[in-house]
Amino acid sequence: MAWNEPGGGNQHDPWSSGGRRGDGNRGGNNGGNNQGPPDLDEALKKFQDKLNGMLGGKGKKGNGGGGKKGGGGNKPRNVFALPGLLIIVALAIWAASGFYLVDQSERGVVLRFGKYQETVMPGLQWNPPLVDDVRMVNVTRVRSLTQTKSMLTRDENIVEVEISAQYRVADPRNYVLNVRDPSLSIANALDSSLRHVVGGTDMIEILTSGREVLGSSVASRLQNYLNTYGIGIALQTINIESTAAPDPVIDAFDDVIRAREDRQRIINEAIAYANSVIPEAQGQAQRIIEQGQGYRESVVAEAQGQANRFNSLLSEYQNSPEIMRERMYLDSLQEVYEGTPKVLMDVSDNAPLMYLPLNQISGGSSGGSSNQNSRNSLDPRVLERLSSGQSSQNSRSGSSSNSSNSIRREGR
C-alpha cells in the first residue's frame with residue numbers, strides 16, 4: 001500500500017518532520033504537520049475531473065470520499081477524454097498549418113500523394129498538410145543560361161561560340177512534372193541546336209556577317225526542341241555573344257578577315273566609281289547622238305538647199321545659157337582664189353618652178369619693206385613676167401568689165 005493511499009489511515013509522511021498526516025475532518029490544526037509537496041495523484045484527478053466536466057462527464061461530489069448524496073461514491077471516469085482532447089488539438093494545429101500564401105509572380109502546383117491535382121493562382125490558399133505537396137514556380141522571372149562551346153563547321157574548321165539564352169516558365173505543370181532538371185534539359189537542347197546550325201554553316205560566315213542568321217536559326221530550332229520535350233519553357237531571346245577561331249590560329253584568321261574586308265572595300269569603291277562614271281558616259285553618248293542627229297539634219301537641209309539652188313540655176317541657165325555659164329565660171333574662180341595664199345607660175349628657159357607669196361606681195365604698209373625685199377630677191381625674169389602678167393590681167397579685167405557691162409545691158 002502506498003504511503004499516501006486514500007483510506008489507509010494515518011501514514012507516515014516522508015517529507016514531514018516525524019508527525020502523521022491525519023484526515024482533513026479530524027484535526028483542527030493542519031498547518032503544522034502538512035508542510036510537504038502537493039499530492040500529485042490528487043492534482044491529476046482534479047485535472048481529469050475538469051476535463052470530464054468540459055467533455056460532458058461528471059466529477060466527484062462532496063469532500064474527499066465522505067460524500068453521501070445519492071447513496072453512492074465516485075462514478076467511473078471517461079478514460080478517452082484526454083486522448084480525444086489531444087487529437088482535437090492536433091487536428092487544429094494540422095488544419096492551421098495548411099494555409100499558405102501564393103505570391104503574384106508565382107503559381108502553385110499541387111500534388112496529392114504525388115499525383116497532379118491543380119495549379120493554384122496568387123492569393124491565400126489552403127491544402128491539407130502531409131497530403132498535398134505544393135511546389136511554387138515563378139512564372140515572371142527571366143532566367144538566363146550562357147554556354148561557350150568549340151565545334152566543327154561545315155568547311156571542317158573549328159570555331160568557338162559563346163551563346164546566351166533568356167527564357168521564362170510558361171507552363172508550371174509541365175515545368176515541374178515533365179522533366180527532372182529543367183536547367184540541364186535546356187542546356188542540352190541549346191548545345192544540340194547550336195551544334196546543328198554551326199555544323200551547316202561555313203566558318204567565315206560565323207565569324208563575319210552570319211552571326212545574326214546564326215542566332216535566329218538557333219532560337220527557332222531550340223524552341224522546337226523545348227516544345228517537343230514539353231518542358232513548359234518559353235524562349236525569350238538568343239544572343240551570340242562572341243565567335244572566334246581557336247587561340248593558336250586566331251592571328252591567321254584575323255589576317256584573312258582583314259583581307260576579305262579590304263576586298264569588299266575595294267569592290268565597294270569600284271562600284272561607287274562605276275556609278276559615277278557610267279552616268280557621265282551615258283550623258284556624253286547622248287550628247288554625241290544628239291550632235292549626230294543635228295549634223296544629219298544640217299547636212300540634209302544644206303543638201304536640200306543646194307538642190308533647190310541648183311534647180312533654180314538650172315531654170316535660169318535654160319533661159320540664158322551663155323550668161324549663166326560665164327557667171328558660174330567667174331564665181332568658181334573667185335571661190336578657188338579666195339582661199340589660196342600662193343600662186344604657181346611657170347617660167348621659160350627651163351627655169352625651176354617658182355611660187356609667189358601673194359599675201360606678202362600684196363601686203364599693206366606694215367609689210368612694205370618685206371615686200372620690197374622679196375621683190376629684190378626675185379629673179380628679173382620673174383619680175384618681168386609678173387609685170388607683163390599684171391598688164392595682161394588689167395587688159396582682161398577691162399575686157400571682162402566691158403563684157404559684164406554688155407551682159408548687164410543685155411540682161412536689161
# chains A, B, ... in the order shown; residues from 1 in each chain; ligands from 1

call {"tool": "select_by_dssp", "arguments": {"residues": "segment 138-381 of chain A", "states": "strand (DSSP E or B)", "output": "PyMOL selection string"}}
result
chain A and resi 138+143-152+158-169+233-244+342-345+354-357

call {"tool": "write_last_selection", "arguments": {"atoms": "C-alpha atoms", "output": "PDB file, in the first residue's frame"}}
result
ATOM      1  CA  ASN A 138       7.992  31.780 -60.535  1.00  0.00           C
ATOM      2  CA  ARG A 143      16.175  33.090 -66.377  1.00  0.00           C
ATOM      3  CA  SER A 144      19.488  33.140 -68.223  1.00  0.00           C
ATOM      4  CA  LEU A 145      21.859  30.454 -69.471  1.00  0.00           C
ATOM      5  CA  THR A 146      25.309  31.012 -71.043  1.00  0.00           C
ATOM      6  CA  GLN A 147      27.495  28.460 -72.813  1.00  0.00           C
ATOM      7  CA  THR A 148      30.865  28.549 -74.582  1.00  0.00           C
ATOM      8  CA  LYS A 149      31.493  25.639 -76.936  1.00  0.00           C
ATOM      9  CA  SER A 150      34.065  24.610 -79.542  1.00  0.00           C
ATOM     10  CA  MET A 151      32.504  22.927 -82.550  1.00  0.00           C
ATOM     11  CA  LEU A 152      33.142  21.924 -86.139  1.00  0.00           C
ATOM     12  CA  ILE A 158      36.901  24.654 -85.504  1.00  0.00           C
ATOM     13  CA  VAL A 159      35.213  27.723 -84.067  1.00  0.00           C
ATOM     14  CA  GLU A 160      34.454  28.819 -80.511  1.00  0.00           C
ATOM     15  CA  VAL A 161      30.972  30.241 -79.953  1.00  0.00           C
ATOM     16  CA  GLU A 162      29.694  31.898 -76.798  1.00  0.00           C
ATOM     17  CA  ILE A 163      25.897  31.962 -76.677  1.00  0.00           C
ATOM     18  CA  SER A 164      23.368  33.072 -74.071  1.00  0.00           C
ATOM     19  CA  ALA A 165      19.663  32.244 -73.814  1.00  0.00           C
ATOM     20  CA  GLN A 166      16.941  34.013 -71.831  1.00  0.00           C
ATOM     21  CA  TYR A 167      13.746  32.138 -71.023  1.00  0.00           C
ATOM     22  CA  ARG A 168      10.826  32.016 -68.584  1.00  0.00           C
ATOM     23  CA  VAL A 169       8.379  29.406 -67.349  1.00  0.00           C
ATOM     24  CA  ILE A 233       9.536  26.933 -71.101  1.00  0.00           C
ATOM     25  CA  ALA A 234       9.073  29.909 -73.441  1.00  0.00           C
ATOM     26  CA  LEU A 235      12.252  31.192 -75.065  1.00  0.00           C
ATOM     27  CA  GLN A 236      12.732  34.962 -74.912  1.00  0.00           C
ATOM     28  CA  THR A 237      15.969  35.800 -76.769  1.00  0.00           C
ATOM     29  CA  ILE A 238      19.126  34.152 -78.099  1.00  0.00           C
ATOM     30  CA  ASN A 239      22.311  36.244 -78.207  1.00  0.00           C
ATOM     31  CA  ILE A 240      25.543  35.239 -79.930  1.00  0.00           C
ATOM     32  CA  GLU A 241      27.981  36.881 -77.541  1.00  0.00           C
ATOM     33  CA  SER A 242      31.168  36.127 -79.496  1.00  0.00           C
ATOM     34  CA  THR A 243      32.536  33.936 -82.272  1.00  0.00           C
ATOM     35  CA  ALA A 244      36.251  33.354 -82.646  1.00  0.00           C
ATOM     36  CA  LYS A 342      50.104  81.072-153.078  1.00  0.00           C
ATOM     37  CA  VAL A 343      50.114  81.162-156.867  1.00  0.00           C
ATOM     38  CA  LEU A 344      52.179  78.804-159.058  1.00  0.00           C
ATOM     39  CA  MET A 345      53.875  80.315-162.101  1.00  0.00           C
ATOM     40  CA  MET A 354      58.600  79.256-158.633  1.00  0.00           C
ATOM     41  CA  TYR A 355      55.799  80.314-156.309  1.00  0.00           C
ATOM     42  CA  LEU A 356      54.891  83.770-155.241  1.00  0.00           C
ATOM     43  CA  PRO A 357      53.615  84.557-151.734  1.00  0.00           C
TER      44      PRO A 357
END

call {"tool": "residues_around", "arguments": {"residues": "Ser97 of chain A", "least_positions_apart": "6", "cutoff": "10 Å", "atoms": "only C-alpha atoms", "output": "list in words"}}
result
Leu91, Trp126, Asn127, Pro128, Pro129 and Leu130 of chain A

call {"tool": "write_last_selection", "arguments": {"atoms": "N, CA, C and O atoms", "output": "PDB file, in the first residue's frame"}}
result
ATOM      1  N   LEU A  91      -5.489  18.082 -34.487  1.00  0.00           N
ATOM      2  CA  LEU A  91      -6.212  18.398 -35.726  1.00  0.00           C
ATOM      3  C   LEU A  91      -6.250  19.900 -35.982  1.00  0.00           C
ATOM      4  O   LEU A  91      -6.136  20.349 -37.132  1.00  0.00           O
ATOM      5  N   TRP A 126      -5.356  27.063 -49.186  1.00  0.00           N
ATOM      6  CA  TRP A 126      -5.277  26.027 -48.144  1.00  0.00           C
ATOM      7  C   TRP A 126      -5.266  24.669 -48.813  1.00  0.00           C
ATOM      8  O   TRP A 126      -6.050  24.401 -49.741  1.00  0.00           O
ATOM      9  N   ASN A 127      -4.349  23.834 -48.335  1.00  0.00           N
ATOM     10  CA  ASN A 127      -4.278  22.445 -48.753  1.00  0.00           C
ATOM     11  C   ASN A 127      -3.951  21.593 -47.547  1.00  0.00           C
ATOM     12  O   ASN A 127      -3.207  22.009 -46.643  1.00  0.00           O
ATOM     13  N   PRO A 128      -4.484  20.408 -47.488  1.00  0.00           N
ATOM     14  CA  PRO A 128      -4.231  19.560 -46.307  1.00  0.00           C
ATOM     15  C   PRO A 128      -2.755  19.200 -46.208  1.00  0.00           C
ATOM     16  O   PRO A 128      -2.188  18.625 -47.142  1.00  0.00           O
ATOM     17  N   PRO A 129      -2.126  19.538 -45.094  1.00  0.00           N
ATOM     18  CA  PRO A 129      -0.711  19.185 -44.942  1.00  0.00           C
ATOM     19  C   PRO A 129      -0.529  17.674 -44.906  1.00  0.00           C
ATOM     20  O   PRO A 129      -1.439  16.912 -44.547  1.00  0.00           O
ATOM     21  N   LEU A 130       0.672  17.262 -45.285  1.00  0.00           N
ATOM     22  CA  LEU A 130       1.072  15.857 -45.328  1.00  0.00           C
ATOM     23  C   LEU A 130       0.296  15.041 -46.356  1.00  0.00           C
ATOM     24  O   LEU A 130       0.604  13.877 -46.573  1.00  0.00           O
TER      25      LEU A 130
END

call {"tool": "select_by_dssp", "arguments": {"residues": "segment 96-331 of chain A", "states": "alpha helix (DSSP H)", "output": "PyMOL selection string"}}
result
chain A and resi 96+172-177+182-199+203-207+211-229+250-319+321-331

call {"tool": "closest_residue", "arguments": {"among": "A:Asp247, A:Asp262, A:Glu335, A:Asp171", "to": "Arg107 of chain A", "atoms": "only C-alpha atoms"}}
result
A:Asp171

call {"tool": "closest_residue", "arguments": {"among": "A:Arg112, A:Arg325, A:Arg221, A:Arg263", "to": "Asp133 of chain A", "atoms": "only C-alpha atoms"}}
result
A:Arg112

call {"tool": "closest_residue", "arguments": {"among": "A:Pro246, A:Ala274, A:Asn178, A:Thr208", "to": "Thr228 of chain A", "atoms": "only C-alpha atoms"}}
result
A:Asn178

call {"tool": "closest_residue", "arguments": {"among": "A:Ala281, A:Gln264, A:Asp49, A:Ser217", "to": "His196 of chain A", "atoms": "only C-alpha atoms"}}
result
A:Ser217

call {"tool": "residues_around", "arguments": {"residues": "Ile231 of chain A", "least_positions_apart": "4", "cutoff": "9 Å", "atoms": "only C-alpha atoms", "output": "list in words"}}
result
Val169, Asp171, Asn174, Tyr175, Val176, Leu177, Asn178, Val179, Pro182, Ser185, Ile186, Leu226 and Asn227 of chain A

call {"tool": "atom_distance", "arguments": {"atom1": "atom CA of Arg154 of chain A", "atom2": "atom CA of Gln223 of chain A"}}
result
23.1 Å

call {"tool": "residues_around", "arguments": {"residues": "Pro122 of chain A", "least_positions_apart": "4", "cutoff": "12 Å", "atoms": "only C-alpha atoms", "output": "list in words"}}
result
Tyr100, Leu101, Val102, Asp103, Gln104, Ser105, Glu106, Arg107, Gly108, Val109, Trp126, Met136, Val137, Asn138 and Val139 of chain A

call {"tool": "atom_distance", "arguments": {"atom1": "atom CA of Ala96 of chain A", "atom2": "atom CA of Leu82 of chain A"}}
result
21.2 Å
